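Data block for upload.cif (mmCIF, C-alpha atoms and all ligand atoms):
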data_protein
#
loop_
_atom_site.label_atom_id
_atom_site.label_comp_id
_atom_site.auth_asym_id
_atom_site.auth_seq_id
_atom_site.Cartn_x
_atom_site.Cartn_y
_atom_site.Cartn_z
CA MET A 613 147.31 96.52 59.07
CA SER A 614 149.45 93.50 58.20
CA SER A 615 148.00 90.02 58.51
CA VAL A 616 151.11 88.66 60.25
CA GLN A 617 150.27 87.30 63.68
CA CYS A 618 152.73 87.10 66.57
CA VAL A 619 152.41 84.64 69.44
CA LEU A 620 154.31 84.82 72.71
CA GLY A 621 155.24 81.46 74.24
CA ILE A 622 156.19 80.62 77.83
CA GLU A 623 158.24 77.52 78.68
CA SER A 624 158.67 76.41 82.30
CA THR A 625 158.36 72.60 82.52
CA ALA A 626 161.66 71.92 84.33
CA HIS A 627 164.98 73.75 84.67
CA THR A 628 164.40 76.44 82.05
CA PHE A 629 162.18 79.52 82.11
CA GLY A 630 161.85 80.68 78.53
CA CYS A 631 159.90 83.35 76.69
CA GLY A 632 159.90 83.44 72.89
CA ILE A 633 157.95 85.28 70.21
CA VAL A 634 157.26 83.80 66.78
CA SER A 635 155.41 85.26 63.79
CA SER A 636 153.04 83.50 61.40
CA ASP A 637 155.56 84.01 58.57
CA ARG A 638 157.82 81.54 60.44
CA LYS A 639 160.23 84.02 62.00
CA ILE A 640 161.59 83.64 65.52
CA LEU A 641 161.57 87.26 66.70
CA SER A 642 163.07 86.56 70.12
CA ASN A 643 163.91 83.59 72.34
CA ILE A 644 165.07 84.44 75.87
CA LYS A 645 165.86 81.80 78.47
CA SER A 646 167.13 81.49 82.00
CA GLU A 647 168.25 78.13 83.35
CA TYR A 648 168.14 77.00 86.98
CA THR A 649 171.18 74.96 88.01
CA PRO A 650 171.01 73.24 91.40
CA LYS A 651 174.08 73.67 93.60
CA THR A 652 174.08 69.92 94.34
CA GLY A 653 172.02 66.98 93.12
CA GLY A 654 169.20 66.99 90.60
CA ILE A 655 166.40 69.52 90.01
CA HIS A 656 164.52 70.47 93.17
CA PRO A 657 161.00 71.28 91.86
CA ARG A 658 160.15 73.98 94.41
CA GLU A 659 163.53 75.72 94.03
CA ALA A 660 163.20 75.58 90.25
CA GLY A 661 159.71 77.12 90.55
CA GLN A 662 161.12 79.92 92.72
CA HIS A 663 163.85 80.53 90.15
CA HIS A 664 161.19 80.84 87.42
CA THR A 665 159.10 83.25 89.51
CA ALA A 666 162.15 85.46 90.00
CA GLU A 667 163.25 85.33 86.37
CA ALA A 668 159.89 85.56 84.57
CA PRO A 669 159.38 89.37 84.52
CA LYS A 670 162.85 90.06 83.10
CA ALA A 671 162.65 87.26 80.49
CA ILE A 672 159.23 88.43 79.30
CA MET A 673 160.27 92.11 79.07
CA GLU A 674 163.49 91.20 77.24
CA SER A 675 161.62 88.97 74.84
CA LEU A 676 159.13 91.73 73.93
CA LYS A 677 161.96 94.25 73.60
CA GLY A 678 164.01 91.87 71.44
CA ALA A 679 161.05 91.40 69.11
CA GLY A 680 160.37 95.15 69.05
CA LEU A 681 156.79 94.59 70.22
CA LYS A 682 154.43 95.69 72.97
CA ILE A 683 152.18 93.20 74.73
CA SER A 684 149.22 94.72 72.83
CA ASP A 685 150.85 93.64 69.51
CA ILE A 686 150.61 89.95 70.49
CA SER A 687 147.80 87.79 69.02
CA ALA A 688 147.87 85.11 71.73
CA VAL A 689 149.80 83.82 74.72
CA ALA A 690 150.88 80.15 74.59
CA PHE A 691 152.24 78.23 77.55
CA SER A 692 153.70 74.79 78.27
CA ALA A 693 150.81 73.11 80.15
CA GLY A 694 152.70 69.82 80.60
CA PRO A 695 154.25 67.37 81.00
CA GLY A 696 156.63 68.61 83.66
CA LEU A 697 157.22 69.45 87.31
CA GLY A 698 154.13 70.88 89.07
CA PRO A 699 155.68 73.94 90.76
CA CYS A 700 157.54 74.88 87.56
CA LEU A 701 154.49 74.45 85.33
CA ARG A 702 152.30 76.50 87.67
CA THR A 703 154.73 79.43 87.63
CA GLY A 704 154.73 79.57 83.82
CA ALA A 705 150.96 79.15 83.65
CA THR A 706 150.43 82.00 86.11
CA ALA A 707 152.65 84.32 84.06
CA ALA A 708 150.80 83.32 80.87
CA ARG A 709 147.37 83.91 82.45
CA ILE A 710 148.39 87.40 83.56
CA LEU A 711 149.70 88.27 80.08
CA SER A 712 146.49 86.93 78.52
CA LEU A 713 144.38 89.01 80.92
CA ILE A 714 146.24 92.29 80.46
CA SER A 715 146.39 91.92 76.68
CA ALA A 716 142.85 90.49 76.39
CA LYS A 717 144.23 87.89 73.97
CA PRO A 718 143.55 84.12 73.87
CA LEU A 719 145.47 81.70 76.08
CA VAL A 720 146.71 78.58 74.25
CA PRO A 721 147.85 75.43 76.13
CA VAL A 722 150.75 73.59 74.48
CA ASN A 723 152.10 70.10 75.09
CA HIS A 724 155.86 70.48 75.66
CA CYS A 725 156.82 67.27 73.78
CA ILE A 726 154.80 68.28 70.74
CA ALA A 727 156.51 71.67 70.77
CA HIS A 728 159.93 69.95 70.49
CA ILE A 729 158.57 68.11 67.41
CA GLU A 730 156.91 71.13 65.78
CA ILE A 731 159.92 73.44 66.11
CA GLY A 732 161.99 70.70 64.44
CA ARG A 733 159.53 70.41 61.56
CA MET A 734 159.44 74.18 61.24
CA VAL A 735 163.18 74.80 61.05
CA THR A 736 164.03 71.78 58.88
CA GLY A 737 160.98 72.13 56.60
CA GLU A 738 160.59 68.32 56.78
CA GLU A 739 156.88 67.49 56.62
CA ASP A 740 156.48 63.97 58.00
CA PRO A 741 159.53 62.56 59.79
CA LEU A 742 159.85 59.84 62.41
CA VAL A 743 160.81 61.88 65.49
CA VAL A 744 163.38 60.89 68.10
CA TYR A 745 162.90 63.24 71.06
CA VAL A 746 165.57 62.96 73.76
CA SER A 747 166.06 65.30 76.68
CA GLY A 748 166.68 65.44 80.40
CA GLY A 749 163.09 64.38 81.13
CA ASN A 750 161.81 62.56 78.02
CA THR A 751 162.81 59.77 75.63
CA ILE A 752 160.15 59.21 72.95
CA VAL A 753 160.14 57.84 69.41
CA SER A 754 156.99 59.04 67.66
CA ALA A 755 155.39 59.64 64.29
CA TYR A 756 152.22 61.27 63.03
CA SER A 757 149.32 59.04 62.04
CA GLY A 758 145.57 59.63 61.89
CA GLY A 759 145.26 62.97 63.71
CA ARG A 760 147.83 62.42 66.47
CA TYR A 761 151.48 61.79 67.16
CA ARG A 762 151.69 58.09 68.05
CA ILE A 763 154.38 56.63 70.27
CA PHE A 764 156.57 53.92 68.70
CA GLY A 765 158.86 53.50 71.70
CA GLU A 766 159.62 55.30 74.96
CA THR A 767 161.50 54.87 78.20
CA LEU A 768 159.87 52.68 80.83
CA ASP A 769 161.57 54.56 83.68
CA ILE A 770 164.08 57.43 83.56
CA ALA A 771 164.95 59.51 80.48
CA LEU A 772 168.17 59.06 78.52
CA GLY A 773 169.44 62.54 79.49
CA ASN A 774 168.58 61.95 83.15
CA CYS A 775 170.48 58.62 83.11
CA LEU A 776 173.60 60.23 81.63
CA ASP A 777 173.40 63.41 83.76
CA THR A 778 172.93 61.42 87.00
CA PHE A 779 175.89 59.21 86.17
CA ALA A 780 178.02 62.24 85.30
CA ARG A 781 177.07 63.90 88.59
CA SER A 782 177.81 60.77 90.60
CA VAL A 783 181.38 60.63 89.25
CA GLY A 784 181.91 64.37 89.86
CA LEU A 785 181.65 65.66 86.29
CA GLY A 786 178.99 68.30 87.01
CA HIS A 787 176.31 69.75 84.74
CA PRO A 788 175.49 69.45 81.88
CA GLY A 789 176.61 65.84 82.01
CA VAL A 790 176.23 64.63 78.44
CA PRO A 791 178.94 66.76 76.76
CA LYS A 792 181.35 66.02 79.62
CA LEU A 793 180.79 62.26 79.31
CA GLU A 794 181.24 62.46 75.55
CA ALA A 795 184.61 64.20 75.91
CA LEU A 796 185.78 61.41 78.27
CA ALA A 797 184.36 58.70 76.00
CA ASP A 798 186.53 59.98 73.13
CA GLU A 799 189.53 58.68 75.12
CA GLY A 800 187.92 55.32 76.02
CA LYS A 801 189.36 52.08 74.58
CA GLU A 802 187.92 48.98 76.31
CA PHE A 803 184.22 48.05 76.33
CA VAL A 804 182.80 47.46 79.83
CA PRO A 805 179.72 45.14 79.75
CA LEU A 806 176.54 46.94 80.91
CA PRO A 807 172.84 45.97 80.87
CA TYR A 808 171.25 46.63 77.50
CA VAL A 809 167.47 46.66 78.14
CA VAL A 810 164.96 46.97 75.30
CA LYS A 811 161.55 45.41 75.99
CA GLY A 812 159.44 45.27 72.86
CA GLN A 813 159.73 48.84 71.58
CA ASP A 814 160.52 50.40 74.97
CA MET A 815 163.80 51.18 76.70
CA SER A 816 164.76 50.94 80.37
CA TYR A 817 167.66 53.10 81.57
CA SER A 818 167.50 52.76 85.35
CA GLY A 819 169.36 49.41 85.61
CA LEU A 820 171.99 50.70 83.23
CA LEU A 821 172.50 53.75 85.46
CA THR A 822 172.75 51.70 88.68
CA THR A 823 175.27 49.29 87.14
CA ALA A 824 177.35 52.09 85.62
CA ILE A 825 177.55 53.89 88.99
CA ARG A 826 178.57 50.62 90.70
CA LYS A 827 181.25 49.93 88.07
CA SER A 828 182.62 53.48 88.36
CA LYS A 829 184.30 52.39 91.60
CA ILE A 830 186.38 49.75 89.75
CA CYS A 831 186.61 50.67 86.05
CA ASP A 832 188.51 53.30 84.08
CA LEU A 833 186.12 56.25 83.75
CA ARG A 834 187.00 56.83 80.08
CA ASP A 835 186.18 53.20 79.19
CA LEU A 836 183.03 53.30 81.29
CA SER A 837 181.83 56.57 79.70
CA LEU A 838 182.39 55.13 76.23
CA SER A 839 180.50 51.93 77.13
CA LEU A 840 177.63 53.76 78.82
CA LEU A 841 177.09 55.99 75.79
CA GLU A 842 177.37 53.09 73.34
CA VAL A 843 174.79 51.02 75.25
CA ALA A 844 172.40 53.93 75.95
CA TYR A 845 172.48 55.27 72.38
CA GLY A 846 172.48 51.75 70.91
CA MET A 847 169.20 50.94 72.68
CA LEU A 848 167.62 54.10 71.28
CA ALA A 849 168.97 53.39 67.79
CA GLU A 850 167.50 49.87 67.83
CA VAL A 851 164.03 51.21 68.73
CA ALA A 852 164.28 54.06 66.22
CA GLU A 853 165.39 51.68 63.46
CA ARG A 854 162.43 49.35 63.96
CA ALA A 855 160.05 52.32 64.10
CA LEU A 856 161.52 53.64 60.85
CA ALA A 857 161.11 50.25 59.15
CA HIS A 858 157.57 49.85 60.48
CA THR A 859 156.22 53.35 59.75
CA GLU A 860 158.14 53.71 56.44
CA LYS A 861 158.57 57.43 57.14
CA PRO A 862 160.93 59.09 54.63
CA SER A 863 163.12 60.72 57.27
CA LEU A 864 164.17 60.89 60.90
CA LEU A 865 164.21 64.11 62.95
CA LEU A 866 166.31 64.26 66.12
CA THR A 867 165.10 66.85 68.67
CA GLY A 868 165.38 67.74 72.39
CA GLY A 869 168.36 68.73 74.53
CA VAL A 870 170.40 65.57 73.88
CA ALA A 871 170.00 66.12 70.10
CA ARG A 872 173.14 68.29 70.46
CA SER A 873 175.17 65.08 70.86
CA VAL A 874 177.32 64.63 67.77
CA ARG A 875 177.90 60.98 68.74
CA LEU A 876 174.15 60.28 68.82
CA GLN A 877 173.68 62.17 65.56
CA ARG A 878 176.33 59.95 63.93
CA ILE A 879 174.64 56.73 65.10
CA LEU A 880 171.15 57.77 63.95
CA LYS A 881 172.51 59.06 60.67
CA SER A 882 173.93 55.61 59.95
CA VAL A 883 170.55 54.02 60.82
CA CYS A 884 168.97 56.38 58.29
CA SER A 885 171.42 55.53 55.54
CA GLU A 886 170.64 51.80 56.00
CA HIS A 887 166.98 52.60 55.35
CA SER A 888 167.45 55.25 52.65
CA ALA A 889 165.85 57.82 54.97
CA ARG A 890 166.90 61.46 55.29
CA PHE A 891 168.40 62.56 58.62
CA TYR A 892 167.60 65.92 60.27
CA VAL A 893 168.54 67.46 63.59
CA VAL A 894 167.30 70.67 65.24
CA PRO A 895 169.95 73.41 65.48
CA PRO A 896 171.67 73.53 68.91
CA GLU A 897 170.01 76.81 69.97
CA LEU A 898 166.54 75.23 69.58
CA ALA A 899 167.41 71.76 70.92
CA GLY A 900 166.98 72.47 74.64
CA ASP A 901 163.79 73.78 76.26
CA ASN A 902 162.83 77.23 74.94
CA GLY A 903 159.89 79.61 74.60
CA ALA A 904 160.01 79.91 70.79
CA MET A 905 158.95 76.27 70.33
CA ILE A 906 155.93 76.89 72.60
CA ALA A 907 155.08 80.09 70.69
CA TRP A 908 155.30 78.32 67.30
CA THR A 909 153.16 75.36 68.40
CA GLY A 910 150.72 77.79 70.04
CA LEU A 911 150.45 79.63 66.74
CA LEU A 912 149.64 76.40 64.84
CA ALA A 913 146.99 75.57 67.46
CA LEU A 914 145.55 79.11 67.50
CA GLU A 915 145.07 79.02 63.71
CA ARG A 916 142.85 75.95 64.28
CA GLY A 917 140.88 77.65 67.06
CA VAL A 918 142.55 75.98 70.04
CA GLU A 919 142.38 78.11 73.20
CA VAL A 920 141.46 77.68 76.86
CA PRO A 921 139.48 79.93 79.24
CA ILE A 922 141.56 81.07 82.23
CA GLU A 923 139.44 79.17 84.75
CA LYS A 924 140.14 75.90 82.89
CA SER A 925 143.82 76.53 82.20
CA LEU A 926 145.12 73.94 84.65
CA VAL A 927 148.55 72.43 84.19
CA ARG A 928 148.95 68.72 83.40
CA PRO A 929 152.18 67.29 84.87
CA ARG A 930 151.63 63.87 83.21
CA TRP A 931 150.20 64.96 79.86
CA ARG A 932 151.28 62.40 77.24
CA LEU A 933 151.89 63.57 73.70
CA ASP A 934 149.68 60.84 72.22
CA GLU A 935 146.64 62.27 74.07
CA VAL A 936 146.73 65.47 72.01
CA GLU A 937 144.60 65.98 68.87
CA ILE A 938 146.65 67.66 66.12
CA PRO A 939 144.16 69.66 64.01
CA TRP A 940 146.87 71.52 62.07
CA ARG A 941 148.10 68.41 60.19
P1 LIG A 1001 166.52 69.67 77.87
O1 LIG A 1001 165.88 68.96 79.03
O2 LIG A 1001 165.77 69.46 76.57
O3 LIG A 1001 166.83 71.13 78.08
O4 LIG A 1001 167.95 68.96 77.66
C1 LIG A 1001 168.86 68.77 78.70
C2 LIG A 1001 169.79 67.63 78.35
O5 LIG A 1001 170.66 68.01 77.29
C3 LIG A 1001 170.68 67.21 79.51
O6 LIG A 1001 170.64 65.80 79.61
C4 LIG A 1001 172.06 67.70 79.10
O7 LIG A 1001 173.13 66.93 79.62
C5 LIG A 1001 171.99 67.58 77.59
N1 LIG A 1001 172.97 68.40 76.90
C6 LIG A 1001 173.31 69.67 77.18
N2 LIG A 1001 174.27 70.10 76.33
C7 LIG A 1001 174.52 69.07 75.48
C8 LIG A 1001 175.43 68.86 74.38
N3 LIG A 1001 176.26 69.81 73.96
N4 LIG A 1001 175.42 67.64 73.77
C9 LIG A 1001 174.58 66.68 74.18
N5 LIG A 1001 173.72 66.81 75.21
C10 LIG A 1001 173.70 67.98 75.84
MG MG A 1002 162.32 69.35 76.86
#

Mind turning this structure into structure tokens?
Ligand code: AMP
Ligand code: MG
Amino acid sequence: MSSVQCVLGIESTAHTFGCGIVSSDRKILSNIKSEYTPKTGGIHPREAGQHHTAEAPKAIMESLKGAGLKISDISAVAFSAGPGLGPCLRTGATAARILSLISAKPLVPVNHCIAHIEIGRMVTGEEDPLVVYVSGGNTIVSAYSGGRYRIFGETLDIALGNCLDTFARSVGLGHPGVPKLEALADEGKEFVPLPYVVKGQDMSYSGLLTTAIRKSKICDLRDLSLSLLEVAYGMLAEVAERALAHTEKPSLLLTGGVARSVRLQRILKSVCSEHSARFYVVPPELAGDNGAMIAWTGLLALERGVEVPIEKSLVRPRWRLDEVEIPWR
């Protein structure tokens, strides 16, 4: 029998239900996802949970088939236990508990934010970067120190992706908002003043969003898109730059759904070159929420004996990444 272990990971914190399988020799064997898109407005948690319930069986079967495995070949079942939306998290946790029961394999809880970091370290091979994690629900600058990922800056209110997506929706651009805004911004010429809010090492995006929506009634949308992105990304770059200088990490890793932004990549790359740090970004197919990142982080945790009995496998909608012990580093 080979000593290669395979872990199945379930992601369901927000809009995406994902199921991925990863092996201990660092191969992603499958990574299936299904995304809920609301007809109007933002994510409705109960509707998203219903979407995940409907999609879970197919995604899990396809993931096993894609990896060429049966459920009995799996060494453990990992799931995103938080942070995220309650109804969405509970759907994924229920699916993971059932798989753990029928396979009689350990159940491993994974923090979603840490999974975005670990998949980035895995695919880039970069050991100890400063991490900029930006998505629809999270905006966190963090780095490893003394057994945990520590936070060196985060949003005080809404996430960067949420700010940009909500603005895009309010001016009729639809979803996903960030690439649509970026296309418009490429045609922008004039800078429209907007509130730039960095308090200490933290960012606030809600006032920026409110002002941008108000100004959309009177300003050219191309100019406003350009200005909104410049201010929003500039705030993040300022925080990341100070964190880089303070932690003296040798590199910066950009991860999360908004990591696909070429404009943001360009800005952070220039911050890195000022500080002689290397710049890395997760590949687009692993940037957004996915099951493979949960499987990989679950595998790291499993190798250090992390698992949870079913009766204690509660979800944690507000689980911060700096609460988690990291025994594998
Ligand atoms: P996540 O929550 O990690 O799945 O990421 C979702 C966020 O990624 C949303 O804010 C989207 O607008 C954003 N996004 C989606 N596609 C792209 C893209 N091509 N470039 C930049 N951001 C994107
Ligand atoms: Mg995410």

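Our summary of the geometry notes that CA of Pro862 in chain A is positioned 7.9 Å from CA of Leu742 in chain A.
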
Expected answer as a PyMOL selection string: residues within 7 Å of ligand LIG 1001 (chain A), only C-alpha atoms and all ligand atoms: chain A and resi 747-749+773-774+776-777+787-791+868-874+899-901

What's around Gln617 in chain A at 12 Å? Count all atoms listed in the file, leave out sequence neighbours fewer than 2 positions away in its own chain, and write the answer as a PDB file with C-alpha atoms, in the frame of the given file.
ATOM      1  CA  MET A 613     147.310  96.520  59.070  1.00  0.00           C
ATOM      2  CA  SER A 614     149.450  93.500  58.200  1.00  0.00           C
ATOM      3  CA  SER A 615     148.000  90.020  58.510  1.00  0.00           C
ATOM      4  CA  VAL A 619     152.410  84.640  69.440  1.00  0.00           C
ATOM      5  CA  LEU A 620     154.310  84.820  72.710  1.00  0.00           C
ATOM      6  CA  ILE A 633     157.950  85.280  70.210  1.00  0.00           C
ATOM      7  CA  VAL A 634     157.260  83.800  66.780  1.00  0.00           C
ATOM      8  CA  SER A 635     155.410  85.260  63.790  1.00  0.00           C
ATOM      9  CA  SER A 636     153.040  83.500  61.400  1.00  0.00           C
ATOM     10  CA  ASP A 637     155.560  84.010  58.570  1.00  0.00           C
ATOM     11  CA  ARG A 638     157.820  81.540  60.440  1.00  0.00           C
ATOM     12  CA  LYS A 639     160.230  84.020  62.000  1.00  0.00           C
ATOM     13  CA  LEU A 641     161.570  87.260  66.700  1.00  0.00           C
ATOM     14  CA  LEU A 681     156.790  94.590  70.220  1.00  0.00           C
ATOM     15  CA  SER A 684     149.220  94.720  72.830  1.00  0.00           C
ATOM     16  CA  ASP A 685     150.850  93.640  69.510  1.00  0.00           C
ATOM     17  CA  ILE A 686     150.610  89.950  70.490  1.00  0.00           C
ATOM     18  CA  SER A 687     147.800  87.790  69.020  1.00  0.00           C
ATOM     19  CA  ALA A 688     147.870  85.110  71.730  1.00  0.00           C
ATOM     20  CA  VAL A 689     149.800  83.820  74.720  1.00  0.00           C
ATOM     21  CA  LYS A 717     144.230  87.890  73.970  1.00  0.00           C
ATOM     22  CA  ALA A 907     155.080  80.090  70.690  1.00  0.00           C
ATOM     23  CA  TRP A 908     155.300  78.320  67.300  1.00  0.00           C
ATOM     24  CA  GLY A 910     150.720  77.790  70.040  1.00  0.00           C
ATOM     25  CA  LEU A 911     150.450  79.630  66.740  1.00  0.00           C
ATOM     26  CA  LEU A 912     149.640  76.400  64.840  1.00  0.00           C
ATOM     27  CA  LEU A 914     145.550  79.110  67.500  1.00  0.00           C
ATOM     28  CA  GLU A 915     145.070  79.020  63.710  1.00  0.00           C
TER      29      GLU A 915
END

Can you write out as a tab-separated table which residues of chain A fall within 12 Å of ligand MG 1002 (chain A), alongside each residue's closest atom pair and its distance in Å to one decimal, counting all atoms listed in the file and ordering rows by chain and ascending residue number?
residue	atom	partner	partner_atom	distance
A:Glu623	CA	A:MG1002	MG	9.3
A:Ser624	CA	A:MG1002	MG	9.6
A:Thr625	CA	A:MG1002	MG	7.6
A:Ala626	CA	A:MG1002	MG	7.9
A:His627	CA	A:MG1002	MG	9.4
A:Thr628	CA	A:MG1002	MG	9.0
A:Phe629	CA	A:MG1002	MG	11.4
A:Gly630	CA	A:MG1002	MG	11.5
A:Ser692	CA	A:MG1002	MG	10.3
A:Gly694	CA	A:MG1002	MG	10.3
A:Pro695	CA	A:MG1002	MG	9.3
A:Gly696	CA	A:MG1002	MG	8.9
A:Leu697	CA	A:MG1002	MG	11.6
A:Asn723	CA	A:MG1002	MG	10.4
A:His724	CA	A:MG1002	MG	6.7
A:Cys725	CA	A:MG1002	MG	6.6
A:Ile726	CA	A:MG1002	MG	9.8
A:Ala727	CA	A:MG1002	MG	8.7
A:His728	CA	A:MG1002	MG	6.8
A:Ile729	CA	A:MG1002	MG	10.2
A:Ile731	CA	A:MG1002	MG	11.7
A:Tyr745	CA	A:MG1002	MG	8.4
A:Val746	CA	A:MG1002	MG	7.8
A:Ser747	CA	A:MG1002	MG	5.5
A:Gly748	CA	A:MG1002	MG	6.8
A:Gly749	CA	A:MG1002	MG	6.6
A:Asn750	CA	A:MG1002	MG	6.9
A:Thr751	CA	A:MG1002	MG	9.7
A:Ile752	CA	A:MG1002	MG	11.1
A:Ala771	CA	A:MG1002	MG	10.8
A:Leu772	CA	A:MG1002	MG	12.0
A:Gly773	CA	A:MG1002	MG	10.2
A:Asn774	CA	A:MG1002	MG	11.6
A:Thr867	CA	A:MG1002	MG	9.0
A:Gly868	CA	A:MG1002	MG	5.7
A:Gly869	CA	A:MG1002	MG	6.5
A:Val870	CA	A:MG1002	MG	9.4
A:Ala871	CA	A:MG1002	MG	10.7
A:Leu898	CA	A:MG1002	MG	10.3
A:Ala899	CA	A:MG1002	MG	8.2
A:Gly900	CA	A:MG1002	MG	6.0
A:Asp901	CA	A:MG1002	MG	4.7
A:Asn902	CA	A:MG1002	MG	8.1
A:Gly903	CA	A:MG1002	MG	10.8
A:Met905	CA	A:MG1002	MG	10.1
A:Ile906	CA	A:MG1002	MG	10.8

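Among the candidate residues A:Thr652, A:Ser712, A:Thr706, A:Ser885, the one lying nearest to Ser782 in chain A is A:Thr652, with distances computed using all atoms listed in the file.
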
Residue neighbourhood range 839-851 of chain A, 10 Å, all atoms listed in the file, exclusion window fewer than 3 positions, as a ChimeraX atom specification: /A:744,746,751-753,764-767,772-773,775-776,779,790,793-794,797,800-817,820-821,823-824,833-836,854-856,875-877,879-884

Next, the residues of the selection above should be written as a tab-separated table (two decimals), in the coordinates of the input with C-alpha atoms.
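Contents of result24.tsv, as written:
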chain	number	residue	atom	x	y	z
A	744	VAL	CA	163.38	60.89	68.10
A	746	VAL	CA	165.57	62.96	73.76
A	751	THR	CA	162.81	59.77	75.63
A	752	ILE	CA	160.15	59.21	72.95
A	753	VAL	CA	160.14	57.84	69.41
A	764	PHE	CA	156.57	53.92	68.70
A	765	GLY	CA	158.86	53.50	71.70
A	766	GLU	CA	159.62	55.30	74.96
A	767	THR	CA	161.50	54.87	78.20
A	772	LEU	CA	168.17	59.06	78.52
A	773	GLY	CA	169.44	62.54	79.49
A	775	CYS	CA	170.48	58.62	83.11
A	776	LEU	CA	173.60	60.23	81.63
A	779	PHE	CA	175.89	59.21	86.17
A	790	VAL	CA	176.23	64.63	78.44
A	793	LEU	CA	180.79	62.26	79.31
A	794	GLU	CA	181.24	62.46	75.55
A	797	ALA	CA	184.36	58.70	76.00
A	800	GLY	CA	187.92	55.32	76.02
A	801	LYS	CA	189.36	52.08	74.58
A	802	GLU	CA	187.92	48.98	76.31
A	803	PHE	CA	184.22	48.05	76.33
A	804	VAL	CA	182.80	47.46	79.83
A	805	PRO	CA	179.72	45.14	79.75
A	806	LEU	CA	176.54	46.94	80.91
A	807	PRO	CA	172.84	45.97	80.87
A	808	TYR	CA	171.25	46.63	77.50
A	809	VAL	CA	167.47	46.66	78.14
A	810	VAL	CA	164.96	46.97	75.30
A	811	LYS	CA	161.55	45.41	75.99
A	812	GLY	CA	159.44	45.27	72.86
A	813	GLN	CA	159.73	48.84	71.58
A	814	ASP	CA	160.52	50.40	74.97
A	815	MET	CA	163.80	51.18	76.70
A	816	SER	CA	164.76	50.94	80.37
A	817	TYR	CA	167.66	53.10	81.57
A	820	LEU	CA	171.99	50.70	83.23
A	821	LEU	CA	172.50	53.75	85.46
A	823	THR	CA	175.27	49.29	87.14
A	824	ALA	CA	177.35	52.09	85.62
A	833	LEU	CA	186.12	56.25	83.75
A	834	ARG	CA	187.00	56.83	80.08
A	835	ASP	CA	186.18	53.20	79.19
A	836	LEU	CA	183.03	53.30	81.29
A	854	ARG	CA	162.43	49.35	63.96
A	855	ALA	CA	160.05	52.32	64.10
A	856	LEU	CA	161.52	53.64	60.85
A	875	ARG	CA	177.90	60.98	68.74
A	876	LEU	CA	174.15	60.28	68.82
A	877	GLN	CA	173.68	62.17	65.56
A	879	ILE	CA	174.64	56.73	65.10
A	880	LEU	CA	171.15	57.77	63.95
A	881	LYS	CA	172.51	59.06	60.67
A	882	SER	CA	173.93	55.61	59.95
A	883	VAL	CA	170.55	54.02	60.82
A	884	CYS	CA	168.97	56.38	58.29

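The space between CA of Val918 in chain A and CA of Glu897 in chain A spans 27.5 Å.
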